[in-house]
Amino acid sequence: MGEILALEFMRRALAAGVILSTVLATISFFVVLRRFSFIGVGVSHSAFGGVALGALLGVSPTAVAIPFAVGVANAIGVVSRKGKIGIDATIGIFFSLAMALGIIFIGLSDQYNVDLFGYLFGSILAVTTGDLILTAVLGAVILGLTLVLFKEFLFVAFDEEVARASGLPVVLLDHLLLTMLALAVVMSIKVIGIVLVSALLVIPGATALQLTRRYGPAIVYSIVTGLVATVGGLFLSYYADLASGATIVTVASFIFFVALLFGRFRRRAHAPKS
């Protein structure tokens, strides 16, 4: 423990990991409830286009990825709502387009930039003090909005039609949730990578709902899952010399399967006997 905390890059990674796991786990609860899991996959992979564009322009990839990912997330919402195609097809189109643009931007770049692959698969060595500050600011914004609008988000997730009939701005809330999802993706890609961030947008919420159907405890279980997976994964990756992002997701998946088995046994134990 002391050996890890003596290393500055590990202290930054752990701090970033605690923040992002809390934020992603909170968003994950609503992602699972709203069945937005595939949107999370699409937005996380689409962020690569923004990262590559930033590298091409010679500016911060993260700074460009933020508006790029937010734009893609909201475009998915608009096209899926107003177009005549399903949301899965809409996500597939934007997913493919953004990844293709990312590859084109890399091809247009004058030099090969290995840092781009750090965004794909994550790298704790890449987390700088500036990244940590950005993560903290974005995390505070996302958690603040979630706290203020928790009841509204929950109402829409529970029954969208009734929420609309009650006068709630459902479309606005949907776009706000998509924007928060995109910001959560961008703030996470340095630590766990674009390829794996979508997993932490789904697994904590799915794990929590295996343990309880009460919304308050579910949020807590989701956050605990995210924290244990991120912190435990970082420690395990350090001592076992493994890729940090992949290890975090593997630990989170293990927790999910344990919760799945526990939930199944508990339901059997409480099932009425014939």
# chains A, B, ... in the order shown; residues from 1 in each chain; ligands from 1

$ closest_atom_pairs --of "region 45-136 of chain A" --to "region 8-26 of chain A" --cutoff "12 Å" --atoms "only C-alpha atoms" --output "Markdown table"
| residue | atom | partner | partner_atom | distance |
| --- | --- | --- | --- | --- |
| A:Gly122 | CA | A:Ala13 | CA | 11.0 |
| A:Ser123 | CA | A:Ala13 | CA | 9.0 |
| A:Ile124 | CA | A:Ala13 | CA | 5.5 |
| A:Leu125 | CA | A:Phe9 | CA | 6.1 |
| A:Ala126 | CA | A:Phe9 | CA | 8.4 |
| A:Val127 | CA | A:Ala13 | CA | 6.3 |
| A:Thr128 | CA | A:Arg12 | CA | 7.2 |
| A:Thr129 | CA | A:Arg12 | CA | 7.1 |
| A:Gly130 | CA | A:Arg12 | CA | 10.2 |
| A:Asp131 | CA | A:Ala16 | CA | 8.3 |
| A:Leu132 | CA | A:Ala16 | CA | 5.8 |
| A:Ile133 | CA | A:Ala16 | CA | 8.9 |
| A:Leu134 | CA | A:Ala16 | CA | 9.7 |
| A:Thr135 | CA | A:Ala16 | CA | 6.7 |
| A:Ala136 | CA | A:Ile19 | CA | 6.7 |

$ select_by_dssp --residues "region 10-239 of chain A" --states "alpha helix (DSSP H)" --output "MDAnalysis selection string"
chainID A and resid 10:33 37:57 61:82 87:108 115:121 129:148 150:158 160:165 170:192 194:200 203:211 215:239

$ residues_around --residues "Leu211 (chain A)" --least-positions-apart "6" --cutoff "8 Å" --atoms "only C-alpha atoms" --output "PyMOL selection string"
chain A and resi 218+221+259-260+262-263

$ closest_atom_pairs --of "region 102-156 of chain A" --to "region 88-97 of chain A" --cutoff "12 Å" --atoms "only C-alpha atoms" --output "CSV"
residue,atom,partner,partner_atom,distance
A:Gly102,CA,A:Leu97,CA,8.6
A:Ile103,CA,A:Leu97,CA,10.0
A:Ile104,CA,A:Leu97,CA,10.4

$ closest_atom_pairs --of "region 128-237 of chain A" --to "region 35-46 of chain A" --cutoff "7 Å" --atoms "only C-alpha atoms" --output "Markdown table"
| residue | atom | partner | partner_atom | distance |
| --- | --- | --- | --- | --- |
| A:Ala182 | CA | A:Val43 | CA | 6.4 |
| A:Val185 | CA | A:Ser44 | CA | 5.7 |
| A:Ile194 | CA | A:Ser44 | CA | 5.5 |
| A:Val195 | CA | A:His45 | CA | 6.6 |
| A:Val197 | CA | A:Ser44 | CA | 6.6 |
| A:Ser198 | CA | A:Val41 | CA | 5.0 |
| A:Leu201 | CA | A:Gly40 | CA | 6.5 |
| A:Val202 | CA | A:Ser37 | CA | 6.1 |

$ residues_around --residues "Leu242 (chain A)" --least-positions-apart "5" --cutoff "12 Å" --atoms "only C-alpha atoms" --output "list in words"
Phe121, Gly122, Ser123, Ile124, Gly233, Leu234, Phe235, Leu236, Ser237, Thr247, Ile248 and Thr250 of chain A

$ closest_residue --among "A:Phe68, A:Phe29, A:Thr212, A:Arg34" --to "Phe158 (chain A)" --atoms "only C-alpha atoms"
A:Arg34

$ atom_distance --atom1 "CA of Val64 (chain A)" --atom2 "CA of Leu177 (chain A)"
20.0 Å

$ closest_residue --among "A:Val170, A:Ile192, A:Met99, A:Ile66" --to "Leu138 (chain A)" --atoms "only C-alpha atoms"
A:Ile66

$ atom_distance --atom1 "CA of Arg268 (chain A)" --atom2 "CA of Ala157 (chain A)"
27.8 Å

$ residues_around --residues "Met180 (chain A)" --least-positions-apart "3" --cutoff "8 Å" --atoms "only C-alpha atoms" --output "MDAnalysis selection string"
chainID A and resid 27 142 176:177 183:184

$ closest_residue --among "A:Val51, A:Ala75, A:Val31, A:Leu120" --to "Leu196 (chain A)" --atoms "only C-alpha atoms"
A:Leu120
